[in-house]
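For reference, the structure is listed below as structure tokens.
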Amino acid sequence: MYLAYSFPPLSSGANTRNVLLPKYLPRFGWKFSVLTSAEPRGLPLDYTLLEKIPEETIIRRVRHLDIMTVLRKLTGKKNTQLTGSFQREGNRITPWDILKFYSLIPDRAITWMPDVVPAGIKLVRDTNAKVILSAGPHHSLHLHAWLISRITGIKWIPYFGDLWIYDSYMQYPPGPIKWIHSLLERAVVGNADGIITTTPLSSKYFIDRYGYSCPPCTEVINGYDPEKLPDTTGGIHRTDKRLTITYTGNLIGFLAPLYLPDGIEGFLAAEPEAEVRFVFVGSFDPGLKARLQSGRSGSVVEFVDRVSADEVRKYQLEADVLMTCVADRPGCEVKNNAKLAEYVTAGKTILILSRKGDMADFLEEMRGGYFSEPDPEEVTETLQRIYSDWNSGQLKGPTDPIASARIFDMRSNIRNLADFLDKIVSS
């Protein structure tokens, strides 16, 4: 049984995993059933994703009386995007901050427990399930799955799409609340029968932190479906011959890479006559956007609002270099952005801006492009190297398809997961 709050039609960074697990696990001997939310919130809905789920997949949806949504309806307060450690009104912490960070621990899905646990027990018994996979975040789903496992007696494995404590996407309030999160993570790890992560360094984090109390770990690296590789033709018609460096995705709030504007500005100062353009497709922090549109970079940076997946693909195919970048925060080195696999299938040169870690290792193995630490001077130097190589016709890439498949082929990765599940259940 797969317990996931974010599942189609809700569209999230877990789309590929949510679609391909029910497709491939049954091929390797594992029936797949899903327990998810009846009214998913917080992200866009894409009903075409449901068409990609095999018809034989058992999906049960459970209502969630989300207290945050209820209170917003009662007060008429709109949902707002987090822009710092807390959502603030001026410089003061609001009652919403207190509720979200100090009461709903570990997260808002904790209030789903009264409804989802009985439904999970029933689904386990109806399907004769042998193991529960709990997909986090939301990390409270691990607590729900732990309780279901204790009641039904079957194995339980938390699936960390993102890490919990050591996660660059998360922000915690100061004081004892983070300590409580640490205790909960330790309890989850210590009582689980196995752990699934998305990168080798993520698994290493658990092994190093918890030592002998850590159960067996495995990785399912975010990748692509080898049976449905996207078309690599049909890019947007190029109207000029400038070097085009493109980013597709979202960079919002504290996830915005603050070093990037200075890095680009430094490059343009060193190469004032450079024939280059930077294209950003998606949703972006207003402050980051304003900085990129000012100074020298204002004349070479273009922003495109959120568009369909097909349109995003066209921008990727138009580019000479596809860039992925993360905020310079602890934990960013264990990330593997889902868009990296998209970039790989586009066959383009890849530029990664991050701390040295998993994505850098993947890039080196594929020999697919360029890497820079999240430092303005290093970004400047890397852009200069890219521009020089492009001018001389020696731009690195495209990626080696054999090495790419070795890392990102989800059919192969899920086959390895099935072997892992076999070992856990038989132990």
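Chain labels follow the order of the structure tokens: the first chain is A, the next B, and so on; residue numbering restarts at 1 in every chain, and ligands are counted from 1 in their shown order.
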**Report entry** Residues within 7 Å of Tyr370 in chain A, only C-alpha atoms, excluding chain neighbours under 5 positions, as a ChimeraX atom specification
**Finding:** /A:350-352
Query raised in the report: If we count only C-alpha atoms, what is near Leu255 in chain A at a cut-off of 8 Å, once residues fewer than 6 positions away on the same chain are taken out, given as a list in words?
Result: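 Everything that qualifies: Tyr169, Val326 and Ala327 of chain A.
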Go ahead and dump the residues you just picked, C-alpha atoms, as a compact mmCIF listing (two decimals), in the first residue's frame.
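Output below, filename again.txt:
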# COMPACT_ATOMS: atom_id res chain seq x y z
CA TYR A 169 13.34 23.20 1.27
CA VAL A 326 19.17 25.72 -5.78
CA ALA A 327 19.37 28.13 -2.87
Query - Backbone-only DSSP, alpha helix (DSSP H) members of range 331-367 of chain A, as an MDAnalysis selection string - result: chainID A and resid 339:346 358:366
Report summary line: Between A:Gly397, A:Pro114, A:Pro272, A:Gly295, smallest distance to Thr349 in chain A by only C-alpha atoms belongs to A:Gly397
Query raised in the report: Which residue gives the smallest distance to Val312 in chain A among A:Thr248, A:Ser283, A:Thr399, A:Thr382, with only C-alpha atoms counted?
Result: A:Thr248
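If you look at CA of Ala269 in chain A and CA of Thr246 in chain A, they are 20.1 Å away from each other.
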Requested in this report: Figure out the distance between CA of Phe280 in chain A and CA of Leu258 in chain A, please, to one decimal in Å.
Outcome: 14.9 Å
Requested in this report: Would you kindly return, as a ChimeraX atom specification, each protein, DNA or RNA residue with an atom no farther than 6 Å from any atom of range 209-223 of chain A, considering only C-alpha atoms and excluding same-chain residues fewer than 2 positions away?
Outcome: /A:190,193-199,205-207,338,341,408-410,413
Quick one: everything within 9 Å of Lys130 in chain A, counting only C-alpha atoms, minus sequence neighbours fewer than 4 positions away in the same chain. Send it as a PDB file with N, CA and C atoms, in the first residue's frame.
ATOM      1  N   MET A   1       0.847  -1.190   0.000  1.00  0.00           N
ATOM      2  CA  MET A   1       0.000   0.000   0.000  1.00  0.00           C
ATOM      3  C   MET A   1       0.886   1.245   0.000  1.00  0.00           C
ATOM      4  N   VAL A 124      -5.306  -2.237   3.806  1.00  0.00           N
ATOM      5  CA  VAL A 124      -4.317  -3.290   4.007  1.00  0.00           C
ATOM      6  C   VAL A 124      -4.997  -4.648   4.061  1.00  0.00           C
ATOM      7  N   ILE A 154       2.068  -5.487   9.455  1.00  0.00           N
ATOM      8  CA  ILE A 154       2.847  -5.617   8.229  1.00  0.00           C
ATOM      9  C   ILE A 154       4.030  -4.648   8.239  1.00  0.00           C
ATOM     10  N   LYS A 155       4.975  -4.875   7.323  1.00  0.00           N
ATOM     11  CA  LYS A 155       6.174  -4.055   7.248  1.00  0.00           C
ATOM     12  C   LYS A 155       5.831  -2.640   6.795  1.00  0.00           C
ATOM     13  N   TRP A 156       6.733  -1.721   7.174  1.00  0.00           N
ATOM     14  CA  TRP A 156       6.516  -0.313   6.820  1.00  0.00           C
ATOM     15  C   TRP A 156       7.837   0.332   6.441  1.00  0.00           C
ATOM     16  N   VAL A 425      10.492  -7.784   3.076  1.00  0.00           N
ATOM     17  CA  VAL A 425       9.341  -8.599   3.458  1.00  0.00           C
ATOM     18  C   VAL A 425       9.772 -10.005   3.896  1.00  0.00           C
TER      19      VAL A 425
END
Query - Top pick for closest residue to Asp115 in chain A, considering A:Ser134, A:Ala38, A:Phe303, A:Ile157 and counting only C-alpha atoms - result: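 Using only C-alpha atoms, the shortest distance to Asp115 in chain A belongs to A:Ala38.
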Query raised in the report: as a PyMOL selection string, which residues of range 219-416 of chain A does DSSP assign to strand (DSSP E)?
Result: chain A and resi 219+243-251+276-284+301-304+321-325+349-353+369-372
Query - Spatial neighbours of Ser388 in chain A, 12 Å, only C-alpha atoms, chain gap at least 4 places, as JSON, numbers by chain - result: {"A": [243, 267, 271, 274, 275, 276, 381, 382, 383, 384, 392, 393, 394, 395, 396]}
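For the choices A:Ile386, A:Leu292, A:Leu163, A:Leu147, the atom-to-atom distance to Asn336 in chain A is smallest for A:Leu163 when using only C-alpha atoms.
Nearest residue to Gly369 in chain A, choosing from A:Val301, A:Leu49, A:Leu20, A:Leu340 and counting only C-alpha atoms: A:Leu340.
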Requested in this report: Rank A:Leu133, A:Pro54, A:Leu417, A:Thr36 by their smallest atom-to-atom distance to Tyr2 in chain A, using only C-alpha atoms, and report the top residue only.
Outcome: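 Residue with the minimum atom-to-atom distance to Tyr2 in chain A: A:Leu133.
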Requested in this report: Figure out the distance between CA of Trp179 in chain A and CA of Tyr5 in chain A, please, to one decimal in Å.
Outcome: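 Computing it gives 24.5 Å between the two atoms.
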Query raised in the report: Any idea what's packed within 10 Å of Pro230 in chain A, counting only C-alpha atoms, ignoring anything in its chain fewer than 2 positions away? Could you give it as a PyMOL selection string?
Result: chain A and resi 224-228+232-233+310+313+342+345-346
Write the residues of the selection above to a file with C-alpha atoms, as a CSV table (one decimal), in the first residue's frame.
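Once everything was written out, this is out02.csv:
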chain,number,residue,atom,x,y,z
A,224,TYR,CA,12.3,9.3,-16.8
A,225,ASP,CA,10.1,6.6,-18.3
A,226,PRO,CA,12.2,4.8,-20.9
A,227,GLU,CA,9.1,3.7,-22.7
A,228,LYS,CA,7.8,7.2,-23.2
A,232,THR,CA,13.4,16.0,-29.0
A,233,THR,CA,12.2,18.0,-32.0
A,310,ASP,CA,4.4,21.0,-23.8
A,313,ARG,CA,9.5,21.4,-23.4
A,342,GLU,CA,13.9,16.3,-18.2
A,345,THR,CA,16.1,13.7,-22.2
A,346,ALA,CA,16.4,17.0,-24.0
Requested in this report: Give me the residues within 7 Å of Gly136 in chain A as a ChimeraX atom specification, counting only C-alpha atoms and dropping any in the same chain fewer than 6 places off.
Outcome: /A:159-162
